[in-house]
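Printed here is final_36.tsv (TSV, C-alpha atoms):
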chain	number	residue	atom	x	y	z
A	1	MET	CA	28.44	67.57	42.41
A	2	ALA	CA	27.55	64.17	43.93
A	3	SER	CA	29.07	61.15	42.25
A	4	SER	CA	27.04	58.29	40.78
A	5	ALA	CA	27.96	56.08	43.75
A	6	ASP	CA	26.69	58.71	46.22
A	7	VAL	CA	23.40	58.95	44.34
A	8	HIS	CA	22.94	55.15	44.44
A	9	VAL	CA	23.68	55.09	48.17
A	10	ARG	CA	21.16	57.87	48.80
A	11	ILE	CA	18.45	56.15	46.71
A	12	CYS	CA	19.07	52.84	48.47
A	13	GLY	CA	18.77	54.55	51.88
A	14	GLN	CA	15.49	56.19	50.86
A	15	GLU	CA	14.05	52.85	49.71
A	16	ILE	CA	15.07	51.23	52.99
A	17	ILE	CA	13.26	53.94	54.95
A	18	LYS	CA	10.20	53.56	52.68
A	19	TYR	CA	10.02	49.78	53.25
A	20	ASP	CA	10.55	50.29	56.98
A	21	LEU	CA	7.59	52.70	57.20
A	22	GLU	CA	5.41	50.42	55.05
A	23	ILE	CA	6.18	47.49	57.37
A	24	LYS	CA	5.28	49.59	60.41
A	25	ALA	CA	1.98	50.55	58.77
A	26	LEU	CA	1.16	46.91	57.94
A	27	VAL	CA	2.03	45.81	61.48
A	28	GLN	CA	-0.35	48.46	62.77
A	29	ASP	CA	-3.04	47.07	60.42
A	30	ILE	CA	-2.43	43.64	61.94
A	31	ARG	CA	-2.93	45.08	65.42
A	32	ASP	CA	-6.22	46.64	64.27
A	33	CYS	CA	-7.37	43.56	62.36
A	34	PRO	CA	-10.67	42.25	63.80
A	35	GLY	CA	-10.54	39.12	61.65
A	36	PRO	CA	-11.17	36.81	60.01
A	37	GLN	CA	-8.05	34.65	59.78
A	38	SER	CA	-7.92	35.05	55.99
A	39	THR	CA	-7.49	38.82	56.34
A	40	LEU	CA	-4.70	38.30	58.86
A	41	MET	CA	-2.98	35.85	56.50
A	42	GLU	CA	-3.18	38.37	53.66
A	43	LEU	CA	-1.61	41.09	55.83
A	44	ASN	CA	1.15	38.71	56.92
A	45	SER	CA	1.86	37.85	53.28
A	46	GLN	CA	2.33	41.55	52.50
A	47	VAL	CA	4.61	42.01	55.52
A	48	LYS	CA	6.79	39.08	54.43
A	49	GLU	CA	7.11	40.56	50.95
A	50	LYS	CA	8.17	43.93	52.38
A	51	PHE	CA	10.69	42.27	54.70
A	52	ASN	CA	12.25	40.41	51.77
A	53	LYS	CA	12.61	43.64	49.79
A	54	LEU	CA	14.00	45.45	52.84
A	55	ARG	CA	16.54	42.68	53.48
A	56	LEU	CA	17.76	42.84	49.87
A	57	ARG	CA	18.18	46.62	49.96
A	58	ILE	CA	20.13	46.42	53.23
A	59	GLN	CA	22.43	43.86	51.59
A	60	ASP	CA	22.83	46.20	48.60
A	61	LEU	CA	23.75	49.07	50.95
A	62	GLU	CA	26.33	46.88	52.68
A	63	GLN	CA	27.85	45.95	49.31
A	64	MET	CA	28.01	49.62	48.32
A	65	ALA	CA	29.87	50.34	51.57
A	66	ARG	CA	32.54	47.76	50.72
A	67	GLU	CA	33.00	49.37	47.28
A	68	GLN	CA	33.77	52.85	48.68
A	69	ASP	CA	37.24	54.23	48.00
A	70	ARG	CA	37.44	56.43	51.09
A	71	GLU	CA	37.60	54.81	54.51
A	72	THR	CA	35.38	57.46	56.11
A	73	ASP	CA	32.59	56.83	53.58
A	74	ARG	CA	32.90	53.06	54.00
A	75	LEU	CA	32.64	53.24	57.80
A	76	ALA	CA	29.71	55.68	57.70
A	77	ILE	CA	27.68	53.51	55.29
A	78	LEU	CA	28.49	50.34	57.25
A	79	ALA	CA	27.27	52.04	60.44
A	80	GLU	CA	24.04	53.02	58.66
A	81	THR	CA	23.66	49.43	57.38
A	82	GLU	CA	24.04	48.00	60.88
A	83	SER	CA	21.51	50.51	62.23
A	84	GLN	CA	18.96	49.55	59.56
A	85	ARG	CA	19.56	45.85	60.22
A	86	ARG	CA	18.87	46.34	63.93
A	87	GLN	CA	15.74	48.28	63.07
A	88	MET	CA	14.58	45.42	60.81
A	89	LEU	CA	15.06	42.90	63.63
A	90	SER	CA	13.08	45.18	65.96
A	91	ASN	CA	10.27	45.35	63.39
A	92	GLN	CA	10.23	41.55	63.16
A	93	THR	CA	9.85	41.29	66.93
A	94	VAL	CA	7.00	43.81	66.91
A	95	TRP	CA	5.40	41.94	64.00
A	96	ARG	CA	5.43	38.63	65.90
A	97	LYS	CA	3.90	40.26	68.97
A	98	ALA	CA	1.20	41.91	66.87
A	99	ASN	CA	0.40	38.57	65.23
A	100	LEU	CA	0.09	36.85	68.58
A	101	ALA	CA	-2.16	39.60	69.97
A	102	CYS	CA	-4.34	39.60	66.83
A	103	LYS	CA	-4.72	35.80	66.81
A	104	LEU	CA	-5.69	35.79	70.49
A	105	CYS	CA	-8.23	38.52	69.84
A	106	ILE	CA	-9.71	36.67	66.84
A	107	ASP	CA	-9.83	33.37	68.75
A	108	HIS	CA	-11.50	35.07	71.68
A	109	THR	CA	-14.07	36.70	69.40
A	110	GLU	CA	-14.83	33.43	67.60
A	111	LYS	CA	-15.26	31.55	70.87
A	112	ASP	CA	-17.46	34.30	72.23
A	113	GLU	CA	-19.64	34.13	69.12
A	114	LEU	CA	-20.01	30.37	69.49
A	115	LEU	CA	-20.79	30.33	73.21
A	116	ARG	CA	-22.86	33.48	73.58
A	117	GLY	CA	-25.49	35.23	71.56
A	118	GLY	CA	-28.05	38.02	71.65
A	119	ASP	CA	-27.50	41.25	73.54
A	120	TYR	CA	-24.81	39.81	75.78
A	121	GLN	CA	-22.75	38.95	72.71
A	122	SER	CA	-23.10	42.52	71.40
A	123	THR	CA	-22.13	43.96	74.78
A	124	ARG	CA	-19.17	41.63	75.03
A	125	GLN	CA	-18.12	42.46	71.48
A	126	ARG	CA	-18.25	46.20	72.24
A	127	LYS	CA	-16.14	45.65	75.35
A	128	VAL	CA	-13.57	43.64	73.41
A	129	THR	CA	-13.56	46.28	70.67
A	130	LYS	CA	-13.02	49.05	73.23
A	131	GLU	CA	-10.14	47.14	74.79
A	132	CYS	CA	-8.62	46.55	71.38
A	133	LEU	CA	-8.94	50.26	70.59
A	134	VAL	CA	-7.19	51.21	73.82
A	135	GLU	CA	-4.41	48.71	73.10
A	136	THR	CA	-4.19	49.94	69.50
A	137	SER	CA	-3.87	53.55	70.66
A	138	SER	CA	-1.08	52.56	73.03
A	139	ASN	CA	0.68	50.60	70.30
A	140	ILE	CA	0.39	53.51	67.86
A	141	THR	CA	1.99	55.81	70.43
A	142	GLU	CA	4.78	53.30	70.95
A	143	SER	CA	5.31	52.97	67.18
A	144	LEU	CA	5.47	56.73	66.74
A	145	MET	CA	8.00	56.99	69.56
A	146	SER	CA	10.05	54.23	67.94
A	147	ILE	CA	9.98	56.05	64.59
A	148	SER	CA	10.98	59.28	66.33
A	149	ARG	CA	13.91	57.57	68.03
A	150	MET	CA	14.99	56.02	64.74
A	151	MET	CA	14.87	59.39	62.96
A	152	SER	CA	16.82	60.98	65.83
A	153	GLU	CA	19.50	58.29	65.53
A	154	GLN	CA	19.69	58.81	61.77
A	155	VAL	CA	20.09	62.58	62.24
A	156	LYS	CA	22.86	62.01	64.81
A	157	GLN	CA	24.62	59.57	62.48
A	158	SER	CA	24.37	62.13	59.66
A	159	GLU	CA	25.88	64.80	61.93
A	160	ASP	CA	28.71	62.44	62.90
A	161	THR	CA	29.36	61.64	59.25
A	162	ILE	CA	29.43	65.34	58.33
A	163	GLY	CA	31.84	65.99	61.21
A	164	THR	CA	34.11	63.19	60.03
A	165	LEU	CA	34.06	64.49	56.47
A	166	ALA	CA	34.83	68.03	57.69
A	167	THR	CA	37.81	66.72	59.68
A	168	SER	CA	39.03	64.79	56.65
A	169	SER	CA	38.64	67.89	54.49
A	170	ARG	CA	40.72	69.96	56.93
A	171	THR	CA	43.38	67.25	56.95
A	172	VAL	CA	43.49	67.27	53.14
A	173	LEU	CA	43.78	71.08	53.09
A	174	GLU	CA	46.59	71.02	55.67
A	175	THR	CA	48.40	68.34	53.68
A	176	ASN	CA	47.99	70.43	50.53
A	177	GLU	CA	49.46	73.49	52.30
A	178	GLU	CA	52.40	71.41	53.53
A	179	PHE	CA	52.91	70.11	50.01
A	180	LYS	CA	52.92	73.67	48.65
A	181	SER	CA	55.44	74.69	51.33
A	182	MET	CA	57.66	71.71	50.49
A	183	THR	CA	57.38	72.54	46.78
A	184	GLY	CA	58.53	76.12	47.48
A	185	THR	CA	61.44	74.85	49.58
A	186	ILE	CA	62.48	72.39	46.89
A	187	HIS	CA	62.25	75.11	44.23
A	188	LEU	CA	64.42	77.44	46.37
A	189	GLY	CA	66.95	74.65	46.95
A	190	ARG	CA	67.10	74.00	43.22
A	191	LYS	CA	67.79	77.69	42.55
A	192	LEU	CA	70.55	77.70	45.18
A	193	ILE	CA	72.13	74.58	43.71
A	194	LEU	CA	72.10	76.15	40.22
A	195	LYS	CA	73.60	79.33	41.66
A	196	TYR	CA	76.36	77.40	43.41
A	197	ASN	CA	77.07	75.42	40.23
A	198	ARG	CA	77.44	78.65	38.24
A	199	ARG	CA	79.65	80.10	40.99
A	200	GLU	CA	81.80	76.99	40.93
A	201	LEU	CA	82.17	77.25	37.16
A	202	THR	CA	83.13	80.93	37.45
A	203	ASP	CA	85.69	80.14	40.18
A	204	LYS	CA	87.22	77.41	38.04
A	205	LEU	CA	87.44	79.77	35.08
A	206	LEU	CA	89.10	82.47	37.22
A	207	ILE	CA	91.56	79.96	38.64
A	208	PHE	CA	92.39	78.77	35.12
A	209	LEU	CA	92.95	82.33	33.89
A	210	ALA	CA	95.10	83.16	36.95
A	211	LEU	CA	97.15	80.01	36.41
A	212	ALA	CA	97.55	80.82	32.72
A	213	LEU	CA	98.63	84.37	33.58
A	214	PHE	CA	101.10	83.04	36.17
A	215	LEU	CA	102.60	80.58	33.69
A	216	ALA	CA	102.84	83.27	31.04
A	217	THR	CA	104.65	85.53	33.50
A	218	VAL	CA	107.09	82.77	34.49
A	219	LEU	CA	107.80	82.00	30.86
A	220	TYR	CA	108.34	85.68	30.11
A	221	ILE	CA	110.82	86.04	33.02
A	222	LEU	CA	112.70	82.89	32.00
A	223	LYS	CA	112.86	84.13	28.45
A	224	LYS	CA	114.38	87.46	29.53
A	225	ARG	CA	116.89	85.78	31.84
A	226	LEU	CA	117.96	82.93	29.61
A	227	PHE	CA	117.61	84.45	26.19
A	228	PRO	CA	118.06	88.18	26.56
A	229	PHE	CA	119.14	88.52	22.97
A	230	ILE	CA	115.79	87.21	21.66

Rewrite the structure from the file as structure tokens, please.
Amino acid sequence: MASSADVHVRICGQEIIKYDLEIKALVQDIRDCPGPQSTLMELNSQVKEKFNKLRLRIQDLEQMAREQDRETDRLAILAETESQRRQMLSNQTVWRKANLACKLCIDHTEKDELLRGGDYQSTRQRKVTKECLVETSSNITESLMSISRMMSEQVKQSEDTIGTLATSSRTVLETNEEFKSMTGTIHLGRKLILKYNRRELTDKLLIFLALALFLATVLYILKKRLFPFI
């Protein structure tokens, strides 16, 4: 059964992944945003809020790692924390690039609307829209590849963690077997010591009886020699 600490770590990891995916979705909305500036500002406000929540959860995960009793668990969670922090920095870079591209697109559209009108404006707008769609499609593909790479890294880290835990489990089992063997040896040694103590007591008793018999014999001989009349 998983401990309470393991459950908290798992929940924290799931929330980090959720915020990461929400940020990626909002960044994609920024890439697709045709304007106006107020819409872009609203999207950026939502992204900032998600980044703040993500940053706090990563800090919580790092704190949980420091509170682990086992070294293997602590190292595994710290590695996951560092991976999520790098992913957050990558998302921030992608966010800034998406903002820049969106602002340039909005500025270009606004200038085009001011300088040109009529059918030419509609044709130009369609061309810009088509270019934006092509760029958006490319960016979506890149985002999906990035998510795939991130999930692959997380799977690999999970496999490494499981391998480490399996090795630790084998080490614990081997130590337990050695402990059982040592316990058996100690128990056997104790039995031998008790046996030798009893043997020593028996030997002392036999020596005492032999000495007593010897002294009795000497006394009997002396009695017969010295006091034959008794």

Could you work out an axis-aligned box for range 58-71 of chain A, taking every atom the file lists and adding 3 Å on each side, and report centre and edge lengths in Å to one decimal, as lines of an AutoDock Vina configuration file?
center_x = 28.9
center_y = 50.1
center_z = 50.9
size_x = 23.5
size_y = 18.6
size_z = 13.2

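Counting all atoms listed in the file, the residue from A:His108, A:Lys53, A:Gly13, A:Leu26 that sits nearest to Ser83 in chain A is A:Gly13.
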
Report, in Å to a single decimal, how far apart CA of Cys33 in chain A and CA of Leu114 in chain A are.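 So the answer is 19.6 Å.
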
CA of Lys97 in chain A and CA of Gln46 in chain A, how far apart in Å?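 Value for the CA of Gln46 in chain A-CA of Lys97 in chain A distance: 16.6 Å.
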
Straight-line distance linking CA of Leu61 in chain A with CA of Leu89 in chain A, stated in Å to one decimal: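 CA of Leu89 in chain A lies 16.6 Å from CA of Leu61 in chain A.
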
Of the residues A:Asn52, A:Asn44, A:Gln63, A:Thr217, which is the one nearest to Val27 in chain A, using only C-alpha atoms?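 So, comparing all the options, the nearest one is A:Asn44.
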
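Nearest to Asp73 in chain A of all the residues A:Val94, A:Leu104, A:Ala5, A:Ile30 is A:Ala5, based on only C-alpha atoms.
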